[in-house]
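Here is query33.cif, consisting of mmCIF, C-alpha atoms:
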```cif
data_start
loop_
_atom_site.group_PDB
_atom_site.id
_atom_site.type_symbol
_atom_site.label_atom_id
_atom_site.label_comp_id
_atom_site.auth_asym_id
_atom_site.auth_seq_id
_atom_site.Cartn_x
_atom_site.Cartn_y
_atom_site.Cartn_z
ATOM 1 C CA MET A 1 -52.080 -79.395 11.145
ATOM 2 C CA SER A 2 -48.706 -77.677 11.002
ATOM 3 C CA LYS A 3 -45.521 -79.039 12.504
ATOM 4 C CA ILE A 4 -43.836 -76.159 14.323
ATOM 5 C CA GLY A 5 -40.333 -76.298 15.754
ATOM 6 C CA ILE A 6 -39.518 -74.198 18.820
ATOM 7 C CA PHE A 7 -35.852 -73.194 18.961
ATOM 8 C CA GLY A 8 -35.553 -71.211 22.165
ATOM 9 C CA GLY A 9 -32.712 -69.264 23.640
ATOM 10 C CA SER A 10 -31.430 -66.038 25.080
ATOM 11 C CA PHE A 11 -29.886 -65.115 21.692
ATOM 12 C CA ASN A 12 -27.559 -62.770 23.550
ATOM 13 C CA PRO A 13 -26.649 -62.064 20.774
ATOM 14 C CA ILE A 14 -27.875 -64.379 18.018
ATOM 15 C CA HIS A 15 -24.923 -65.542 15.918
ATOM 16 C CA VAL A 16 -24.056 -67.440 12.727
ATOM 17 C CA GLY A 17 -24.266 -70.766 14.559
ATOM 18 C CA HIS A 18 -27.898 -70.145 15.473
ATOM 19 C CA ALA A 19 -28.640 -69.015 11.922
ATOM 20 C CA LEU A 20 -27.016 -72.034 10.269
ATOM 21 C CA ILE A 21 -28.730 -74.492 12.618
ATOM 22 C CA ALA A 22 -32.110 -72.843 11.990
ATOM 23 C CA ARG A 23 -31.621 -72.973 8.215
ATOM 24 C CA TYR A 24 -30.411 -76.579 8.289
ATOM 25 C CA ILE A 25 -33.295 -77.792 10.455
ATOM 26 C CA ILE A 26 -36.036 -76.104 8.437
ATOM 27 C CA GLU A 27 -34.540 -77.448 5.212
ATOM 28 C CA ASN A 28 -33.796 -80.978 6.455
ATOM 29 C CA SER A 29 -36.728 -81.938 8.660
ATOM 30 C CA THR A 30 -40.463 -82.417 8.309
ATOM 31 C CA LEU A 31 -41.190 -79.129 10.095
ATOM 32 C CA ASP A 32 -43.461 -76.643 8.347
ATOM 33 C CA SER A 33 -42.016 -73.726 10.287
ATOM 34 C CA LEU A 34 -39.425 -72.953 12.921
ATOM 35 C CA TRP A 35 -39.903 -70.285 15.583
ATOM 36 C CA LEU A 36 -36.884 -68.660 17.184
ATOM 37 C CA MET A 37 -38.289 -68.208 20.690
ATOM 38 C CA VAL A 38 -36.478 -65.391 22.466
ATOM 39 C CA SER A 39 -36.416 -66.103 26.189
ATOM 40 C CA PRO A 40 -36.604 -63.209 28.648
ATOM 41 C CA GLN A 41 -34.789 -65.275 31.267
ATOM 42 C CA ASN A 42 -33.244 -68.723 31.059
ATOM 43 C CA PRO A 43 -33.719 -70.528 34.404
ATOM 44 C CA LEU A 44 -30.207 -72.021 34.088
ATOM 45 C CA LYS A 45 -28.654 -68.611 33.407
ATOM 46 C CA ALA A 46 -30.762 -66.485 35.709
ATOM 47 C CA ASN A 47 -27.968 -64.201 36.919
ATOM 48 C CA LYS A 48 -26.400 -63.578 33.554
ATOM 49 C CA ALA A 49 -26.341 -60.008 32.285
ATOM 50 C CA MET A 50 -28.270 -59.690 29.052
ATOM 51 C CA ALA A 51 -29.059 -57.061 26.494
ATOM 52 C CA SER A 52 -32.653 -55.894 26.775
ATOM 53 C CA ASP A 53 -35.482 -58.088 25.566
ATOM 54 C CA TYR A 54 -36.179 -55.495 22.877
ATOM 55 C CA HIS A 55 -32.653 -55.574 21.426
ATOM 56 C CA ARG A 56 -32.387 -59.357 21.485
ATOM 57 C CA LEU A 57 -35.747 -59.659 19.753
ATOM 58 C CA ARG A 58 -34.779 -57.140 17.061
ATOM 59 C CA MET A 59 -31.446 -58.885 16.398
ATOM 60 C CA THR A 60 -33.188 -62.258 16.125
ATOM 61 C CA GLU A 61 -35.696 -60.804 13.664
ATOM 62 C CA LEU A 62 -32.805 -59.619 11.493
ATOM 63 C CA VAL A 63 -31.831 -63.276 11.121
ATOM 64 C CA SER A 64 -35.242 -64.942 10.812
ATOM 65 C CA ARG A 65 -36.429 -62.624 8.049
ATOM 66 C CA ARG A 66 -33.624 -63.980 5.852
ATOM 67 C CA ILE A 67 -34.648 -67.648 6.185
ATOM 68 C CA ASP A 68 -37.832 -69.022 4.621
ATOM 69 C CA ASN A 69 -40.312 -70.511 7.099
ATOM 70 C CA VAL A 70 -38.350 -69.251 10.104
ATOM 71 C CA THR A 71 -39.869 -66.549 12.310
ATOM 72 C CA THR A 72 -39.032 -64.817 15.576
ATOM 73 C CA SER A 73 -41.400 -65.129 18.519
ATOM 74 C CA ALA A 74 -41.762 -63.037 21.676
ATOM 75 C CA PHE A 75 -44.378 -65.440 23.060
ATOM 76 C CA GLU A 76 -42.456 -65.996 26.310
ATOM 77 C CA PHE A 77 -42.258 -62.265 27.039
ATOM 78 C CA ASN A 78 -45.856 -62.387 28.267
ATOM 79 C CA MET A 79 -45.343 -65.424 30.473
ATOM 80 C CA PRO A 80 -44.275 -65.534 34.151
ATOM 81 C CA LYS A 81 -40.525 -65.329 34.757
ATOM 82 C CA PRO A 82 -38.407 -67.307 34.789
ATOM 83 C CA SER A 83 -39.782 -69.051 31.720
ATOM 84 C CA TYR A 84 -39.779 -72.832 31.692
ATOM 85 C CA THR A 85 -40.006 -74.788 28.458
ATOM 86 C CA ILE A 86 -42.863 -77.029 29.593
ATOM 87 C CA ASP A 87 -44.995 -73.990 30.456
ATOM 88 C CA THR A 88 -44.228 -72.398 27.090
ATOM 89 C CA LEU A 89 -45.062 -75.542 25.128
ATOM 90 C CA ASN A 90 -48.293 -76.118 27.048
ATOM 91 C CA ALA A 91 -49.352 -72.496 26.508
ATOM 92 C CA LEU A 92 -48.549 -72.752 22.802
ATOM 93 C CA GLN A 93 -50.532 -75.987 22.484
ATOM 94 C CA GLU A 94 -53.487 -74.366 24.211
ATOM 95 C CA LYS A 95 -53.346 -71.346 21.897
ATOM 96 C CA PHE A 96 -52.763 -73.408 18.742
ATOM 97 C CA PRO A 97 -54.573 -76.706 19.434
ATOM 98 C CA GLY A 98 -54.494 -77.782 15.787
ATOM 99 C CA ASP A 99 -50.704 -77.688 15.503
ATOM 100 C CA GLU A 100 -47.972 -80.095 16.570
ATOM 101 C CA PHE A 101 -44.965 -78.696 18.413
ATOM 102 C CA TYR A 102 -41.379 -79.908 18.299
ATOM 103 C CA LEU A 103 -38.720 -78.741 20.753
ATOM 104 C CA VAL A 104 -35.327 -78.065 19.150
ATOM 105 C CA ILE A 105 -32.332 -78.260 21.519
ATOM 106 C CA GLY A 106 -28.592 -78.805 21.363
ATOM 107 C CA ALA A 107 -26.792 -81.898 22.622
ATOM 108 C CA ASP A 108 -25.473 -79.807 25.520
ATOM 109 C CA ASN A 109 -29.030 -79.177 26.717
ATOM 110 C CA TRP A 110 -29.980 -82.810 26.135
ATOM 111 C CA SER A 111 -27.115 -83.842 28.444
ATOM 112 C CA VAL A 112 -28.791 -81.976 31.329
ATOM 113 C CA PHE A 113 -32.371 -82.630 30.277
ATOM 114 C CA ASP A 114 -32.975 -84.519 33.510
ATOM 115 C CA GLN A 115 -32.539 -81.163 35.303
ATOM 116 C CA TRP A 116 -35.261 -79.487 33.253
ATOM 117 C CA LYS A 117 -38.624 -78.854 34.838
ATOM 118 C CA ALA A 118 -40.996 -81.669 33.769
ATOM 119 C CA GLY A 119 -38.579 -83.157 31.236
ATOM 120 C CA ASP A 120 -40.558 -86.426 31.105
ATOM 121 C CA GLU A 121 -43.760 -84.489 30.434
ATOM 122 C CA ILE A 122 -42.092 -82.626 27.560
ATOM 123 C CA ILE A 123 -41.099 -85.904 25.911
ATOM 124 C CA ALA A 124 -44.506 -87.485 26.571
ATOM 125 C CA LYS A 125 -46.436 -84.596 24.986
ATOM 126 C CA TYR A 126 -44.059 -83.153 22.380
ATOM 127 C CA HIS A 127 -41.362 -84.262 19.976
ATOM 128 C CA VAL A 128 -37.729 -83.324 20.622
ATOM 129 C CA LEU A 129 -35.149 -82.661 17.895
ATOM 130 C CA ILE A 130 -31.504 -82.605 19.009
ATOM 131 C CA TYR A 131 -28.662 -81.029 17.046
ATOM 132 C CA PRO A 132 -25.035 -82.025 17.784
ATOM 133 C CA ARG A 133 -22.577 -80.017 19.862
ATOM 134 C CA ARG A 134 -18.881 -80.797 20.038
ATOM 135 C CA GLY A 135 -17.933 -82.724 23.173
ATOM 136 C CA TYR A 136 -21.414 -84.107 23.805
ATOM 137 C CA ASP A 137 -22.493 -87.636 22.901
ATOM 138 C CA ILE A 138 -26.171 -87.986 22.189
ATOM 139 C CA GLU A 139 -27.691 -91.021 23.860
ATOM 140 C CA ILE A 140 -31.418 -91.560 23.538
ATOM 141 C CA PRO A 141 -32.998 -94.193 25.812
ATOM 142 C CA GLU A 142 -34.957 -96.851 23.941
ATOM 143 C CA GLN A 143 -38.293 -95.740 25.383
ATOM 144 C CA TYR A 144 -37.862 -92.209 23.966
ATOM 145 C CA ARG A 145 -36.790 -93.036 20.428
ATOM 146 C CA ASP A 146 -40.231 -92.542 18.892
ATOM 147 C CA ARG A 147 -40.372 -89.006 20.364
ATOM 148 C CA VAL A 148 -36.736 -87.866 20.313
ATOM 149 C CA GLN A 149 -34.619 -87.620 17.163
ATOM 150 C CA VAL A 150 -31.168 -86.392 16.226
ATOM 151 C CA VAL A 151 -30.849 -83.846 13.419
ATOM 152 C CA ASP A 152 -27.445 -84.158 11.769
ATOM 153 C CA ALA A 153 -26.871 -80.408 11.619
ATOM 154 C CA PRO A 154 -23.312 -79.089 11.127
ATOM 155 C CA LEU A 155 -21.132 -78.481 14.182
ATOM 156 C CA ILE A 156 -20.737 -74.743 14.662
ATOM 157 C CA GLU A 157 -18.278 -73.688 17.358
ATOM 158 C CA VAL A 158 -19.408 -70.126 18.004
ATOM 159 C CA SER A 159 -20.782 -68.897 21.309
ATOM 160 C CA SER A 160 -22.576 -65.767 22.407
ATOM 161 C CA THR A 161 -20.174 -65.587 25.362
ATOM 162 C CA LEU A 162 -17.162 -65.353 23.038
ATOM 163 C CA ILE A 163 -18.870 -62.645 20.999
ATOM 164 C CA ARG A 164 -19.701 -60.593 24.104
ATOM 165 C CA GLN A 165 -16.112 -60.929 25.317
ATOM 166 C CA ARG A 166 -14.780 -59.664 21.998
ATOM 167 C CA LEU A 167 -17.185 -56.727 22.025
ATOM 168 C CA GLU A 168 -16.208 -55.808 25.589
ATOM 169 C CA LYS A 169 -12.622 -55.542 24.324
ATOM 170 C CA LEU A 170 -13.834 -53.591 21.258
ATOM 171 C CA LEU A 171 -12.667 -56.389 18.961
ATOM 172 C CA PRO A 172 -14.500 -56.977 15.651
ATOM 173 C CA VAL A 173 -17.143 -59.685 15.449
ATOM 174 C CA SER A 174 -17.397 -59.906 11.671
ATOM 175 C CA PHE A 175 -18.212 -63.477 10.572
ATOM 176 C CA TYR A 176 -19.224 -64.423 14.138
ATOM 177 C CA VAL A 177 -22.616 -62.764 13.688
ATOM 178 C CA PRO A 178 -24.574 -61.966 10.523
ATOM 179 C CA GLU A 179 -23.632 -58.589 9.061
ATOM 180 C CA ALA A 180 -27.009 -57.025 9.882
ATOM 181 C CA VAL A 181 -26.655 -58.103 13.519
ATOM 182 C CA GLU A 182 -23.127 -56.688 13.724
ATOM 183 C CA LYS A 183 -24.348 -53.337 12.399
ATOM 184 C CA TYR A 184 -27.186 -53.357 14.937
ATOM 185 C CA ILE A 185 -24.798 -54.108 17.823
ATOM 186 C CA VAL A 186 -22.419 -51.334 16.813
ATOM 187 C CA LYS A 187 -25.209 -48.826 16.218
ATOM 188 C CA ASN A 188 -26.717 -49.493 19.649
ATOM 189 C CA LYS A 189 -23.356 -49.957 21.423
ATOM 190 C CA LEU A 190 -24.427 -53.317 22.847
ATOM 191 C CA TYR A 191 -22.044 -55.343 25.019
ATOM 192 C CA MET A 192 -19.359 -52.675 24.811
ATOM 193 C CA ASN A 193 -17.441 -51.165 27.780
ATOM 194 C CA ASP A 194 -20.427 -49.363 29.284
ATOM 195 C CA GLY A 195 -22.334 -52.628 29.653
ATOM 196 C CA ASN A 196 -25.603 -53.917 28.226
ATOM 197 C CA ARG A 197 -28.495 -51.720 27.245
#
```

Can you give me the file's structure in the form of structure tokens?
Amino acid sequence: MSKIGIFGGSFNPIHVGHALIARYIIENSTLDSLWLMVSPQNPLKANKAMASDYHRLRMTELVSRRIDNVTTSAFEFNMPKPSYTIDTLNALQEKFPGDEFYLVIGADNWSVFDQWKAGDEIIAKYHVLIYPRRGYDIEIPEQYRDRVQVVDAPLIEVSSTLIRQRLEKLLPVSFYVPEAVEKYIVKNKLYMNDGNR
């Protein structure tokens, strides 16, 4: 049995914060592998303009290939939209019945976990790993403490929104995103004046 972490997101674009959290979690937890699950549509960000699924997947792969035991997954691309975490986890468990799945989320998502579809079912069936975000206290009710844990990952204050805003203004994003991702964005003219591609 493998312990597999699912770190989902729009990754629009993936940045150094995502990369550092992924590396920290795979190196400082009992997980055997961590999958960066690229979401085609986040139910809480349904109207947000995004780069194409293809581009976001390619950029995420540029990061995951540099970190041992971290891979990029397009599993949700073949699921009904919008994609809900409980449906993804259940489908993964059905496809890989011998493995154990852990959901990796930030403290900001944990603070609104009661708004997630079937949040109680997620906790009942899967483990949840929470990494800290500035401005969010992590409180875990007593009854969840055997299923929900905090991972003391470093606080990284970088956001995809900030990066997109800089690119729209044609400002450099060096050090905000890994170098390979920056080159990919520039080559494909993503997030720049003429919009997403």

Given 6 Å of margin on each side, can you work out the centre and size in Å (one decimal) of an axis-aligned box holding every listed atom of segment 75-87 of chain A, as JSON?
```
{"center_x": -42.1, "center_y": -69.6, "center_z": 28.9, "size_x": 19.4, "size_y": 26.8, "size_z": 23.7}
```

List the spatial neighbours of Leu103 of chain A as an mmCIF file with C-alpha atoms, keeping the file's coordinate frame - criterion: any atom at most 8 Å away, only C-alpha atoms, same-chain residues fewer than 5 positions off excluded.
```
data_model
loop_
_atom_site.group_PDB
_atom_site.id
_atom_site.type_symbol
_atom_site.label_atom_id
_atom_site.label_comp_id
_atom_site.auth_asym_id
_atom_site.auth_seq_id
_atom_site.Cartn_x
_atom_site.Cartn_y
_atom_site.Cartn_z
ATOM 1 C CA GLY A 5 -40.333 -76.298 15.754
ATOM 2 C CA ILE A 6 -39.518 -74.198 18.820
ATOM 3 C CA PHE A 7 -35.852 -73.194 18.961
ATOM 4 C CA TYR A 126 -44.059 -83.153 22.380
ATOM 5 C CA HIS A 127 -41.362 -84.262 19.976
ATOM 6 C CA VAL A 128 -37.729 -83.324 20.622
ATOM 7 C CA LEU A 129 -35.149 -82.661 17.895
#
```

Using 10 Å as the limit and counting all atoms listed in the file, can you tabulate each residue of segment 92-132 of chain A that touches segment 147-159 of chain A, with its shortest atom-to-atom distance in Å and the two atoms involved, as a tab-separated table?
```
residue	atom	partner	partner_atom	distance
A:Tyr102	CA	A:Arg147	CA	9.4
A:Leu103	CA	A:Val148	CA	9.3
A:Val104	CA	A:Val151	CA	9.3
A:Ile105	CA	A:Val150	CA	9.8
A:Gly106	CA	A:Val150	CA	9.5
A:Ala107	CA	A:Val150	CA	9.0
A:Ile122	CA	A:Arg147	CA	9.8
A:Ile123	CA	A:Arg147	CA	6.4
A:Ala124	CA	A:Arg147	CA	7.6
A:Lys125	CA	A:Arg147	CA	8.8
A:Tyr126	CA	A:Arg147	CA	7.2
A:His127	CA	A:Arg147	CA	4.9
A:Val128	CA	A:Val148	CA	4.7
A:Leu129	CA	A:Gln149	CA	5.0
A:Ile130	CA	A:Val150	CA	4.7
A:Tyr131	CA	A:Val151	CA	5.1
A:Pro132	CA	A:Leu155	CA	6.4
```

message = the PyMOL selection byres ((chain A and resi 115-119) around 12) - which residues does that actually catch in the file I just gave you? List them as a ChimeraX atom specification.
response = /A:42-44,82-90,103,109-114,120-128,144

task = Determine the residue set returned by the PyMOL selection byres ((chain A and resi 177) around 12) for the present structure, and present it as a PyMOL selection string.
result = chain A and resi 11-20+59-60+62-63+158-160+162-164+166-167+172-176+178-186

Given the selection you just returned, output its residues as a file containing C-alpha atoms, formatted as a PDB file, in the frame of the given file.
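Everything below was put into selection_2.pdb:
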```pdb
ATOM      1  CA  PHE A  11     -29.886 -65.115  21.692  1.00  0.00           C
ATOM      2  CA  ASN A  12     -27.559 -62.770  23.550  1.00  0.00           C
ATOM      3  CA  PRO A  13     -26.649 -62.064  20.774  1.00  0.00           C
ATOM      4  CA  ILE A  14     -27.875 -64.379  18.018  1.00  0.00           C
ATOM      5  CA  HIS A  15     -24.923 -65.542  15.918  1.00  0.00           C
ATOM      6  CA  VAL A  16     -24.056 -67.440  12.727  1.00  0.00           C
ATOM      7  CA  GLY A  17     -24.266 -70.766  14.559  1.00  0.00           C
ATOM      8  CA  HIS A  18     -27.898 -70.145  15.473  1.00  0.00           C
ATOM      9  CA  ALA A  19     -28.640 -69.015  11.922  1.00  0.00           C
ATOM     10  CA  LEU A  20     -27.016 -72.034  10.269  1.00  0.00           C
ATOM     11  CA  MET A  59     -31.446 -58.885  16.398  1.00  0.00           C
ATOM     12  CA  THR A  60     -33.188 -62.258  16.125  1.00  0.00           C
ATOM     13  CA  LEU A  62     -32.805 -59.619  11.493  1.00  0.00           C
ATOM     14  CA  VAL A  63     -31.831 -63.276  11.121  1.00  0.00           C
ATOM     15  CA  VAL A 158     -19.408 -70.126  18.004  1.00  0.00           C
ATOM     16  CA  SER A 159     -20.782 -68.897  21.309  1.00  0.00           C
ATOM     17  CA  SER A 160     -22.576 -65.767  22.407  1.00  0.00           C
ATOM     18  CA  LEU A 162     -17.162 -65.353  23.038  1.00  0.00           C
ATOM     19  CA  ILE A 163     -18.870 -62.645  20.999  1.00  0.00           C
ATOM     20  CA  ARG A 164     -19.701 -60.593  24.104  1.00  0.00           C
ATOM     21  CA  ARG A 166     -14.780 -59.664  21.998  1.00  0.00           C
ATOM     22  CA  LEU A 167     -17.185 -56.727  22.025  1.00  0.00           C
ATOM     23  CA  PRO A 172     -14.500 -56.977  15.651  1.00  0.00           C
ATOM     24  CA  VAL A 173     -17.143 -59.685  15.449  1.00  0.00           C
ATOM     25  CA  SER A 174     -17.397 -59.906  11.671  1.00  0.00           C
ATOM     26  CA  PHE A 175     -18.212 -63.477  10.572  1.00  0.00           C
ATOM     27  CA  TYR A 176     -19.224 -64.423  14.138  1.00  0.00           C
ATOM     28  CA  PRO A 178     -24.574 -61.966  10.523  1.00  0.00           C
ATOM     29  CA  GLU A 179     -23.632 -58.589   9.061  1.00  0.00           C
ATOM     30  CA  ALA A 180     -27.009 -57.025   9.882  1.00  0.00           C
ATOM     31  CA  VAL A 181     -26.655 -58.103  13.519  1.00  0.00           C
ATOM     32  CA  GLU A 182     -23.127 -56.688  13.724  1.00  0.00           C
ATOM     33  CA  LYS A 183     -24.348 -53.337  12.399  1.00  0.00           C
ATOM     34  CA  TYR A 184     -27.186 -53.357  14.937  1.00  0.00           C
ATOM     35  CA  ILE A 185     -24.798 -54.108  17.823  1.00  0.00           C
ATOM     36  CA  VAL A 186     -22.419 -51.334  16.813  1.00  0.00           C
TER      37      VAL A 186
END
```

inquiry  = Between A:Leu31, A:Met50, A:Ile25, A:Ile138, which residue has the minimum interatomic distance to Met1 of chain A, considering only C-alpha atoms?
reply    =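 The shortest atom-to-atom distance to Met1 of chain A comes from A:Leu31.
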
request  = Choose the residue, out of A:Thr161, A:Ser2, A:Gln93, A:Ser33, that has the smallest atom-to-atom separation from Ser64 of chain A; count all atoms listed in the file.
outcome  =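 Of A:Thr161, A:Ser2, A:Gln93, A:Ser33, the one nearest Ser64 of chain A, counting all atoms listed in the file, is A:Ser33.
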